[in-house]
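The next block is entry19.pdb, given as PDB, C-alpha atoms.
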MODEL        1
ATOM      1  CA  MET A   1      52.387  79.644  36.119  1.00  0.00           C
ATOM      2  CA  ILE A   2      53.925  81.803  38.863  1.00  0.00           C
ATOM      3  CA  SER A   3      52.479  80.449  42.090  1.00  0.00           C
ATOM      4  CA  HIS A   4      53.611  82.945  44.732  1.00  0.00           C
ATOM      5  CA  GLN A   5      52.865  86.603  45.351  1.00  0.00           C
ATOM      6  CA  PHE A   6      55.411  89.383  45.271  1.00  0.00           C
ATOM      7  CA  GLU A   7      55.553  93.164  45.231  1.00  0.00           C
ATOM      8  CA  TYR A   8      56.232  94.927  41.915  1.00  0.00           C
ATOM      9  CA  VAL A   9      57.762  98.406  41.965  1.00  0.00           C
ATOM     10  CA  GLN A  10      58.775 100.792  39.156  1.00  0.00           C
ATOM     11  CA  PRO A  11      61.323 103.353  40.357  1.00  0.00           C
ATOM     12  CA  THR A  12      62.225 106.259  38.075  1.00  0.00           C
ATOM     13  CA  THR A  13      65.859 106.818  39.081  1.00  0.00           C
ATOM     14  CA  VAL A  14      68.917 104.619  39.584  1.00  0.00           C
ATOM     15  CA  GLU A  15      69.128 105.785  43.206  1.00  0.00           C
ATOM     16  CA  GLN A  16      65.571 104.616  43.857  1.00  0.00           C
ATOM     17  CA  VAL A  17      66.321 101.239  42.262  1.00  0.00           C
ATOM     18  CA  ILE A  18      69.348 100.728  44.521  1.00  0.00           C
ATOM     19  CA  ALA A  19      67.327 101.698  47.591  1.00  0.00           C
ATOM     20  CA  GLU A  20      64.621  99.158  46.718  1.00  0.00           C
ATOM     21  CA  LEU A  21      67.187  96.400  46.141  1.00  0.00           C
ATOM     22  CA  LYS A  22      68.685  96.908  49.582  1.00  0.00           C
ATOM     23  CA  ILE A  23      65.380  96.034  51.263  1.00  0.00           C
ATOM     24  CA  GLY A  24      64.153  92.445  51.536  1.00  0.00           C
ATOM     25  CA  ASN A  25      64.341  89.667  48.959  1.00  0.00           C
ATOM     26  CA  ALA A  26      64.373  91.864  45.867  1.00  0.00           C
ATOM     27  CA  THR A  27      65.389  91.130  42.265  1.00  0.00           C
ATOM     28  CA  VAL A  28      65.763  93.404  39.248  1.00  0.00           C
ATOM     29  CA  ILE A  29      63.603  92.783  36.199  1.00  0.00           C
ATOM     30  CA  ALA A  30      64.570  94.317  32.846  1.00  0.00           C
ATOM     31  CA  GLY A  31      62.995  92.699  29.781  1.00  0.00           C
ATOM     32  CA  GLY A  32      61.811  89.827  31.969  1.00  0.00           C
ATOM     33  CA  VAL A  33      62.802  86.921  29.714  1.00  0.00           C
ATOM     34  CA  SER A  34      65.148  85.202  32.177  1.00  0.00           C
ATOM     35  CA  VAL A  35      63.439  86.298  35.402  1.00  0.00           C
ATOM     36  CA  VAL A  36      59.919  85.271  34.383  1.00  0.00           C
ATOM     37  CA  ARG A  37      61.179  81.913  33.112  1.00  0.00           C
ATOM     38  CA  GLU A  38      62.948  81.190  36.394  1.00  0.00           C
ATOM     39  CA  LEU A  39      59.891  82.258  38.403  1.00  0.00           C
ATOM     40  CA  LYS A  40      57.694  79.889  36.404  1.00  0.00           C
ATOM     41  CA  ARG A  41      60.170  77.053  36.894  1.00  0.00           C
ATOM     42  CA  LYS A  42      60.257  77.818  40.635  1.00  0.00           C
ATOM     43  CA  ASN A  43      64.037  78.237  40.459  1.00  0.00           C
ATOM     44  CA  LEU A  44      63.612  81.783  41.760  1.00  0.00           C
ATOM     45  CA  THR A  45      61.523  83.033  44.659  1.00  0.00           C
ATOM     46  CA  VAL A  46      61.336  86.765  45.316  1.00  0.00           C
ATOM     47  CA  GLY A  47      59.475  89.108  47.616  1.00  0.00           C
ATOM     48  CA  LYS A  48      59.834  92.063  45.279  1.00  0.00           C
ATOM     49  CA  LEU A  49      60.551  92.692  41.604  1.00  0.00           C
ATOM     50  CA  VAL A  50      62.221  96.027  40.895  1.00  0.00           C
ATOM     51  CA  SER A  51      61.550  97.102  37.314  1.00  0.00           C
ATOM     52  CA  LEU A  52      64.006  99.201  35.296  1.00  0.00           C
ATOM     53  CA  LYS A  53      61.378 100.104  32.711  1.00  0.00           C
ATOM     54  CA  LYS A  54      60.780 103.681  33.884  1.00  0.00           C
ATOM     55  CA  VAL A  55      64.395 104.613  34.683  1.00  0.00           C
ATOM     56  CA  SER A  56      65.383 107.261  32.164  1.00  0.00           C
ATOM     57  CA  GLY A  57      68.540 106.963  30.081  1.00  0.00           C
ATOM     58  CA  LEU A  58      68.847 103.176  30.165  1.00  0.00           C
ATOM     59  CA  ALA A  59      67.455 102.664  26.649  1.00  0.00           C
ATOM     60  CA  ASP A  60      69.934 104.902  24.806  1.00  0.00           C
ATOM     61  CA  ILE A  61      72.553 103.930  22.213  1.00  0.00           C
ATOM     62  CA  ARG A  62      75.500 106.318  21.904  1.00  0.00           C
ATOM     63  CA  TYR A  63      78.738 106.361  19.948  1.00  0.00           C
ATOM     64  CA  THR A  64      82.223 107.675  20.498  1.00  0.00           C
ATOM     65  CA  ALA A  65      85.154 107.272  18.136  1.00  0.00           C
ATOM     66  CA  GLU A  66      86.137 104.035  19.884  1.00  0.00           C
ATOM     67  CA  LYS A  67      83.008 102.719  21.611  1.00  0.00           C
ATOM     68  CA  ILE A  68      79.376 101.766  21.145  1.00  0.00           C
ATOM     69  CA  ILE A  69      77.696 102.581  24.462  1.00  0.00           C
ATOM     70  CA  VAL A  70      74.528 100.521  24.869  1.00  0.00           C
ATOM     71  CA  GLY A  71      72.023 101.188  27.647  1.00  0.00           C
ATOM     72  CA  ALA A  72      71.000  98.226  29.774  1.00  0.00           C
ATOM     73  CA  MET A  73      67.347  98.428  28.640  1.00  0.00           C
ATOM     74  CA  VAL A  74      68.134  98.427  24.915  1.00  0.00           C
ATOM     75  CA  THR A  75      66.553  95.304  23.400  1.00  0.00           C
ATOM     76  CA  TYR A  76      68.122  92.882  20.952  1.00  0.00           C
ATOM     77  CA  ASP A  77      65.942  94.306  18.176  1.00  0.00           C
ATOM     78  CA  ASP A  78      66.761  97.905  19.114  1.00  0.00           C
ATOM     79  CA  LEU A  79      70.457  97.170  18.676  1.00  0.00           C
ATOM     80  CA  LEU A  80      70.120  94.800  15.728  1.00  0.00           C
ATOM     81  CA  TYR A  81      68.267  97.398  13.665  1.00  0.00           C
ATOM     82  CA  GLU A  82      70.447 100.329  14.712  1.00  0.00           C
ATOM     83  CA  LYS A  83      71.760 101.357  11.296  1.00  0.00           C
ATOM     84  CA  ASN A  84      75.445 101.653  12.235  1.00  0.00           C
ATOM     85  CA  ILE A  85      75.935  98.429  14.194  1.00  0.00           C
ATOM     86  CA  ALA A  86      76.721  96.093  11.299  1.00  0.00           C
ATOM     87  CA  GLN A  87      79.430  98.423  10.068  1.00  0.00           C
ATOM     88  CA  LYS A  88      80.920  99.488  13.390  1.00  0.00           C
ATOM     89  CA  CYS A  89      80.943  96.068  15.086  1.00  0.00           C
ATOM     90  CA  PRO A  90      80.169  93.152  12.729  1.00  0.00           C
ATOM     91  CA  LEU A  91      80.599  90.460  15.397  1.00  0.00           C
ATOM     92  CA  LEU A  92      78.040  92.124  17.663  1.00  0.00           C
ATOM     93  CA  TYR A  93      75.600  92.365  14.768  1.00  0.00           C
ATOM     94  CA  GLU A  94      76.153  88.719  13.812  1.00  0.00           C
ATOM     95  CA  ALA A  95      75.526  87.517  17.357  1.00  0.00           C
ATOM     96  CA  LEU A  96      72.325  89.562  17.642  1.00  0.00           C
ATOM     97  CA  ALA A  97      71.037  88.329  14.283  1.00  0.00           C
ATOM     98  CA  SER A  98      71.730  84.687  15.107  1.00  0.00           C
ATOM     99  CA  TYR A  99      68.835  84.636  17.564  1.00  0.00           C
ATOM    100  CA  THR A 100      65.951  84.435  15.138  1.00  0.00           C
ATOM    101  CA  ASP A 101      62.923  84.454  17.464  1.00  0.00           C
ATOM    102  CA  PRO A 102      61.456  87.963  16.940  1.00  0.00           C
ATOM    103  CA  GLN A 103      59.323  87.821  20.097  1.00  0.00           C
ATOM    104  CA  ILE A 104      62.350  87.175  22.298  1.00  0.00           C
ATOM    105  CA  ARG A 105      64.507  89.714  20.436  1.00  0.00           C
ATOM    106  CA  ASN A 106      61.838  92.374  20.934  1.00  0.00           C
ATOM    107  CA  GLN A 107      61.724  91.777  24.699  1.00  0.00           C
ATOM    108  CA  ALA A 108      65.158  90.599  25.823  1.00  0.00           C
ATOM    109  CA  THR A 109      67.499  93.410  26.877  1.00  0.00           C
ATOM    110  CA  ILE A 110      71.255  93.704  26.476  1.00  0.00           C
ATOM    111  CA  GLY A 111      71.743  94.356  30.187  1.00  0.00           C
ATOM    112  CA  GLY A 112      69.532  91.435  31.147  1.00  0.00           C
ATOM    113  CA  CYS A 113      71.507  89.098  28.906  1.00  0.00           C
ATOM    114  CA  ILE A 114      74.853  90.153  30.348  1.00  0.00           C
ATOM    115  CA  ALA A 115      73.577  90.080  33.950  1.00  0.00           C
ATOM    116  CA  SER A 116      72.127  86.571  33.644  1.00  0.00           C
ATOM    117  CA  LEU A 117      75.544  84.981  32.902  1.00  0.00           C
ATOM    118  CA  GLN A 118      73.847  82.270  30.849  1.00  0.00           C
ATOM    119  CA  TYR A 119      76.408  80.074  29.120  1.00  0.00           C
ATOM    120  CA  ASN A 120      74.281  79.402  26.014  1.00  0.00           C
ATOM    121  CA  LEU A 121      73.694  82.976  24.831  1.00  0.00           C
ATOM    122  CA  ASP A 122      75.287  84.088  21.554  1.00  0.00           C
ATOM    123  CA  LEU A 123      75.580  87.692  22.716  1.00  0.00           C
ATOM    124  CA  SER A 124      77.540  86.679  25.812  1.00  0.00           C
ATOM    125  CA  ALA A 125      80.147  84.845  23.728  1.00  0.00           C
ATOM    126  CA  ALA A 126      80.496  87.754  21.304  1.00  0.00           C
ATOM    127  CA  ALA A 127      80.714  90.314  24.123  1.00  0.00           C
ATOM    128  CA  LEU A 128      83.508  88.349  25.798  1.00  0.00           C
ATOM    129  CA  ALA A 129      85.425  87.986  22.524  1.00  0.00           C
ATOM    130  CA  LEU A 130      85.137  91.758  22.052  1.00  0.00           C
ATOM    131  CA  ASP A 131      86.348  92.577  25.588  1.00  0.00           C
ATOM    132  CA  ALA A 132      83.097  94.428  26.235  1.00  0.00           C
ATOM    133  CA  GLN A 133      83.015  96.479  29.428  1.00  0.00           C
ATOM    134  CA  VAL A 134      80.063  96.482  31.827  1.00  0.00           C
ATOM    135  CA  ILE A 135      79.383  99.821  33.520  1.00  0.00           C
ATOM    136  CA  THR A 136      77.312  99.450  36.678  1.00  0.00           C
ATOM    137  CA  SER A 137      75.916 101.637  39.421  1.00  0.00           C
ATOM    138  CA  SER A 138      79.032 100.949  41.492  1.00  0.00           C
ATOM    139  CA  GLY A 139      81.880 100.482  39.002  1.00  0.00           C
ATOM    140  CA  SER A 140      82.911  98.588  35.879  1.00  0.00           C
ATOM    141  CA  PHE A 141      84.249  95.177  34.915  1.00  0.00           C
ATOM    142  CA  LEU A 142      85.008  92.964  31.933  1.00  0.00           C
ATOM    143  CA  VAL A 143      81.897  91.145  30.756  1.00  0.00           C
ATOM    144  CA  GLY A 144      81.572  87.704  32.318  1.00  0.00           C
ATOM    145  CA  SER A 145      84.241  88.282  34.954  1.00  0.00           C
ATOM    146  CA  ARG A 146      81.916  88.479  37.956  1.00  0.00           C
ATOM    147  CA  GLU A 147      78.316  88.535  39.121  1.00  0.00           C
ATOM    148  CA  LEU A 148      76.450  91.661  40.120  1.00  0.00           C
ATOM    149  CA  ALA A 149      76.086  92.503  43.788  1.00  0.00           C
ATOM    150  CA  LYS A 150      72.573  92.421  45.255  1.00  0.00           C
ATOM    151  CA  ASP A 151      72.226  96.209  45.144  1.00  0.00           C
ATOM    152  CA  GLU A 152      74.072  96.750  41.836  1.00  0.00           C
ATOM    153  CA  ILE A 153      72.569  97.216  38.374  1.00  0.00           C
ATOM    154  CA  ILE A 154      74.011  97.479  34.884  1.00  0.00           C
ATOM    155  CA  LEU A 155      73.800 100.959  33.386  1.00  0.00           C
ATOM    156  CA  THR A 156      75.531 100.412  30.037  1.00  0.00           C
ATOM    157  CA  VAL A 157      77.590  97.863  28.139  1.00  0.00           C
ATOM    158  CA  GLU A 158      80.451  99.248  26.044  1.00  0.00           C
ATOM    159  CA  PHE A 159      81.436  97.446  22.843  1.00  0.00           C
ATOM    160  CA  PRO A 160      84.470  98.470  20.766  1.00  0.00           C
ATOM    161  CA  VAL A 161      84.168 100.044  17.342  1.00  0.00           C
ATOM    162  CA  THR A 162      86.238  97.631  15.260  1.00  0.00           C
ATOM    163  CA  GLY A 163      88.742  98.942  12.741  1.00  0.00           C
ATOM    164  CA  GLN A 164      89.609  98.028   9.163  1.00  0.00           C
ATOM    165  CA  GLN A 165      92.251  95.573  10.368  1.00  0.00           C
ATOM    166  CA  SER A 166      89.720  93.649  12.459  1.00  0.00           C
ATOM    167  CA  VAL A 167      88.240  90.314  11.426  1.00  0.00           C
ATOM    168  CA  SER A 168      85.549  88.387  13.245  1.00  0.00           C
ATOM    169  CA  GLY A 169      82.886  85.715  12.957  1.00  0.00           C
ATOM    170  CA  TYR A 170      80.337  83.690  14.887  1.00  0.00           C
ATOM    171  CA  GLU A 171      79.118  80.180  14.096  1.00  0.00           C
ATOM    172  CA  ARG A 172      76.839  77.977  16.144  1.00  0.00           C
ATOM    173  CA  ILE A 173      74.775  74.816  16.308  1.00  0.00           C
ATOM    174  CA  LYS A 174      71.347  75.676  17.682  1.00  0.00           C
ATOM    175  CA  HIS A 175      68.744  73.625  19.514  1.00  0.00           C
ATOM    176  CA  PRO A 176      65.781  73.145  17.141  1.00  0.00           C
ATOM    177  CA  ALA A 177      63.155  73.748  19.842  1.00  0.00           C
ATOM    178  CA  THR A 178      64.581  76.619  21.883  1.00  0.00           C
ATOM    179  CA  ASN A 179      66.847  78.226  19.252  1.00  0.00           C
ATOM    180  CA  LEU A 180      69.533  78.512  21.957  1.00  0.00           C
ATOM    181  CA  SER A 181      73.112  77.507  21.248  1.00  0.00           C
ATOM    182  CA  VAL A 182      74.095  73.910  21.784  1.00  0.00           C
ATOM    183  CA  CYS A 183      77.568  75.141  20.968  1.00  0.00           C
ATOM    184  CA  GLY A 184      78.886  78.279  19.292  1.00  0.00           C
ATOM    185  CA  VAL A 185      82.256  79.893  18.666  1.00  0.00           C
ATOM    186  CA  ALA A 186      82.990  83.627  18.419  1.00  0.00           C
ATOM    187  CA  VAL A 187      86.284  84.911  17.046  1.00  0.00           C
ATOM    188  CA  ALA A 188      87.616  88.479  17.091  1.00  0.00           C
ATOM    189  CA  ALA A 189      91.103  89.165  15.746  1.00  0.00           C
ATOM    190  CA  GLU A 190      93.346  92.047  14.736  1.00  0.00           C
ATOM    191  CA  ILE A 191      95.603  91.788  11.695  1.00  0.00           C
ATOM    192  CA  GLY A 192      98.929  93.622  11.893  1.00  0.00           C
ATOM    193  CA  SER A 193     100.420  95.726   9.110  1.00  0.00           C
ATOM    194  CA  ASP A 194     102.551  92.727   8.120  1.00  0.00           C
ATOM    195  CA  GLY A 195      99.448  90.591   7.550  1.00  0.00           C
ATOM    196  CA  VAL A 196     100.042  88.477  10.664  1.00  0.00           C
ATOM    197  CA  ILE A 197      97.444  88.129  13.423  1.00  0.00           C
ATOM    198  CA  ALA A 198      98.495  90.505  16.195  1.00  0.00           C
ATOM    199  CA  ALA A 199      95.736  89.637  18.697  1.00  0.00           C
ATOM    200  CA  CYS A 200      92.954  87.070  18.792  1.00  0.00           C
ATOM    201  CA  HIS A 201      90.117  86.186  21.166  1.00  0.00           C
ATOM    202  CA  ILE A 202      88.146  82.945  20.787  1.00  0.00           C
ATOM    203  CA  THR A 203      85.151  82.287  23.032  1.00  0.00           C
ATOM    204  CA  SER A 204      82.365  79.729  23.118  1.00  0.00           C
ATOM    205  CA  SER A 205      78.688  79.555  23.950  1.00  0.00           C
ATOM    206  CA  GLY A 206      76.915  76.428  25.099  1.00  0.00           C
ATOM    207  CA  ALA A 207      80.104  74.946  26.551  1.00  0.00           C
ATOM    208  CA  THR A 208      80.331  73.936  30.212  1.00  0.00           C
ATOM    209  CA  PRO A 209      83.091  72.312  32.294  1.00  0.00           C
TER     210      PRO A 209
ENDMDL
END
Show how you would write the structure in this file as structure tokens.
Amino acid sequence: MISHQFEYVQPTTVEQVIAELKIGNATVIAGGVSVVRELKRKNLTVGKLVSLKKVSGLADIRYTAEKIIVGAMVTYDDLLYEKNIAQKCPLLYEALASYTDPQIRNQATIGGCIASLQYNLDLSAAALALDAQVITSSGSFLVGSRELAKDEIILTVEFPVTGQQSVSGYERIKHPATNLSVCGVAVAAEIGSDGVIAACHITSSGATP
């Protein structure tokens, strides 16, 4: 149960969201999976929740020759069942499919996952292995490299379209109750024309210092 009162606002533009975040003890809510859980656990106290639900353009999936551009409000299921994902970025697809709770997949957003910086999320490990780029309202950065500022929101996350010389995989041990990773390993590598690995990223989920 959430035991304290707070204001709930639904801006319709990015500019309005930023303005709301600058005032008082405000927090963004996207799909709500992480935020609602932390509110219930009393790990988070806010005066205002700023919803991204009505901001146009944040739920789009677009492609270029080299990138998959995923809006912050795209859900796990939206991306998992996008017909081109498995072919264009197998590691991303594998990480999305590994989380088998359909209720969470239907609600949790890609932007919310990346913003939460949770160490036990499969998508976070895969995104880091893929050198995914986070595009925000004030700039861009490599996924996992820093936290968002108070008045900054994620607009899109850019994943690479992997080529024929790319190999990847994700394996994990999951907690039987929560389905979260106890430990997982994501690998993304490029094979050179000589058959030798030219580049390789290995990342983990569920691992802490």
Distance query Ser138 of chain A at most 10 Å, only C-alpha atoms, self and fewer than 4 positions along chain excluded, as a ChimeraX atom specification:
/A:148-149,151-155
Can I get the selection written as a PDB file, in the frame of the given file, with C-alpha atoms?
ATOM      1  CA  LEU A 148      76.450  91.661  40.120  1.00  0.00           C
ATOM      2  CA  ALA A 149      76.086  92.503  43.788  1.00  0.00           C
ATOM      3  CA  ASP A 151      72.226  96.209  45.144  1.00  0.00           C
ATOM      4  CA  GLU A 152      74.072  96.750  41.836  1.00  0.00           C
ATOM      5  CA  ILE A 153      72.569  97.216  38.374  1.00  0.00           C
ATOM      6  CA  ILE A 154      74.011  97.479  34.884  1.00  0.00           C
ATOM      7  CA  LEU A 155      73.800 100.959  33.386  1.00  0.00           C
TER       8      LEU A 155
END
Which segment 106-129 of chain A residues have any atom within 9 Å of an atom of segment 194-208 of chain A, and for each, what is the nearest pair of atoms with distance in Å to one decimal, counting only C-alpha atoms, rows sorted by chain and number, as a Markdown table?
| residue | atom | partner | partner_atom | distance |
| --- | --- | --- | --- | --- |
| A:Gln118 | CA | A:Gly206 | CA | 8.8 |
| A:Tyr119 | CA | A:Gly206 | CA | 5.5 |
| A:Asn120 | CA | A:Gly206 | CA | 4.1 |
| A:Leu121 | CA | A:Ser205 | CA | 6.1 |
| A:Asp122 | CA | A:Ser205 | CA | 6.2 |
| A:Leu123 | CA | A:Ser205 | CA | 8.8 |
| A:Ser124 | CA | A:Ser205 | CA | 7.5 |
| A:Ala125 | CA | A:Ser205 | CA | 5.5 |
| A:Ala126 | CA | A:Thr203 | CA | 7.4 |
| A:Leu128 | CA | A:Thr203 | CA | 6.9 |
| A:Ala129 | CA | A:His201 | CA | 5.2 |
Quick one: of A:Ile110, A:Val182, A:Ile104, A:Val36, who's nearest to Thr75 of chain A, counting only C-alpha atoms?
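Selected residue with least distance to Thr75 of chain A: A:Ile110.
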Would you please work out which residue, of A:Ala30, A:Val167, A:Val55, A:Leu80, is nearest to Ser116 of chain A when using all atoms listed in the file?
A:Ala30
Identify which of the residues A:Leu142, A:Leu96, A:Val14, A:Ala188 lies closest to Lys54 of chain A, counting all atoms listed in the file when measuring atom-to-atom distances.
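So, comparing all the options, the nearest one is A:Val14.
The interatomic distance for the pair atom CA of Thr156 of chain A and atom CA of Ile69 of chain A works out to 6.4 Å.
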Hits from the PyMOL selection byres ((chain A and resi 107) around 10), listed as a ChimeraX atom specification:
/A:30-33,73-78,102-106,108-110
Quick one: which residues end up in the PyMOL selection byres ((chain A and resi 46) around 12) for this structure, as a VMD selection string?
chain A and resid 2 to 8 21 23 to 29 35 to 36 38 to 40 42 to 45 47 to 50
All file atoms of segment 118-129 of chain A boxed axis-aligned, 4 Å per side, centre plus edges, as AutoDock Vina command-line options:
--center_x 79.6 --center_y 84.9 --center_z 26.1 --size_x 19.7 --size_y 18.9 --size_z 17.5
Carefully work through the PyMOL selection byres ((chain A and resi 66) around 9) for this structure and note down the residues it includes, as an NGL selection string.
:A and (63-65 or 67-68 or 159-162)
Using only C-alpha atoms, the residue out of A:Ala19, A:Thr100, A:Gly144, A:Ala127 with shortest distance to Thr178 of chain A is A:Thr100
Between A:Val134, A:Glu15, A:Ser181, A:His175, which has the minimum distance to Gly111 of chain A (counting only C-alpha atoms)?
A:Val134
In Å and to one decimal, atom CA of Tyr93 of chain A is distant from atom CA of Ser34 of chain A by 21.5 Å
Find the distance between atom CA of Leu91 of chain A and atom CA of Ser56 of chain A and write it in Å to one decimal.
28.2 Å
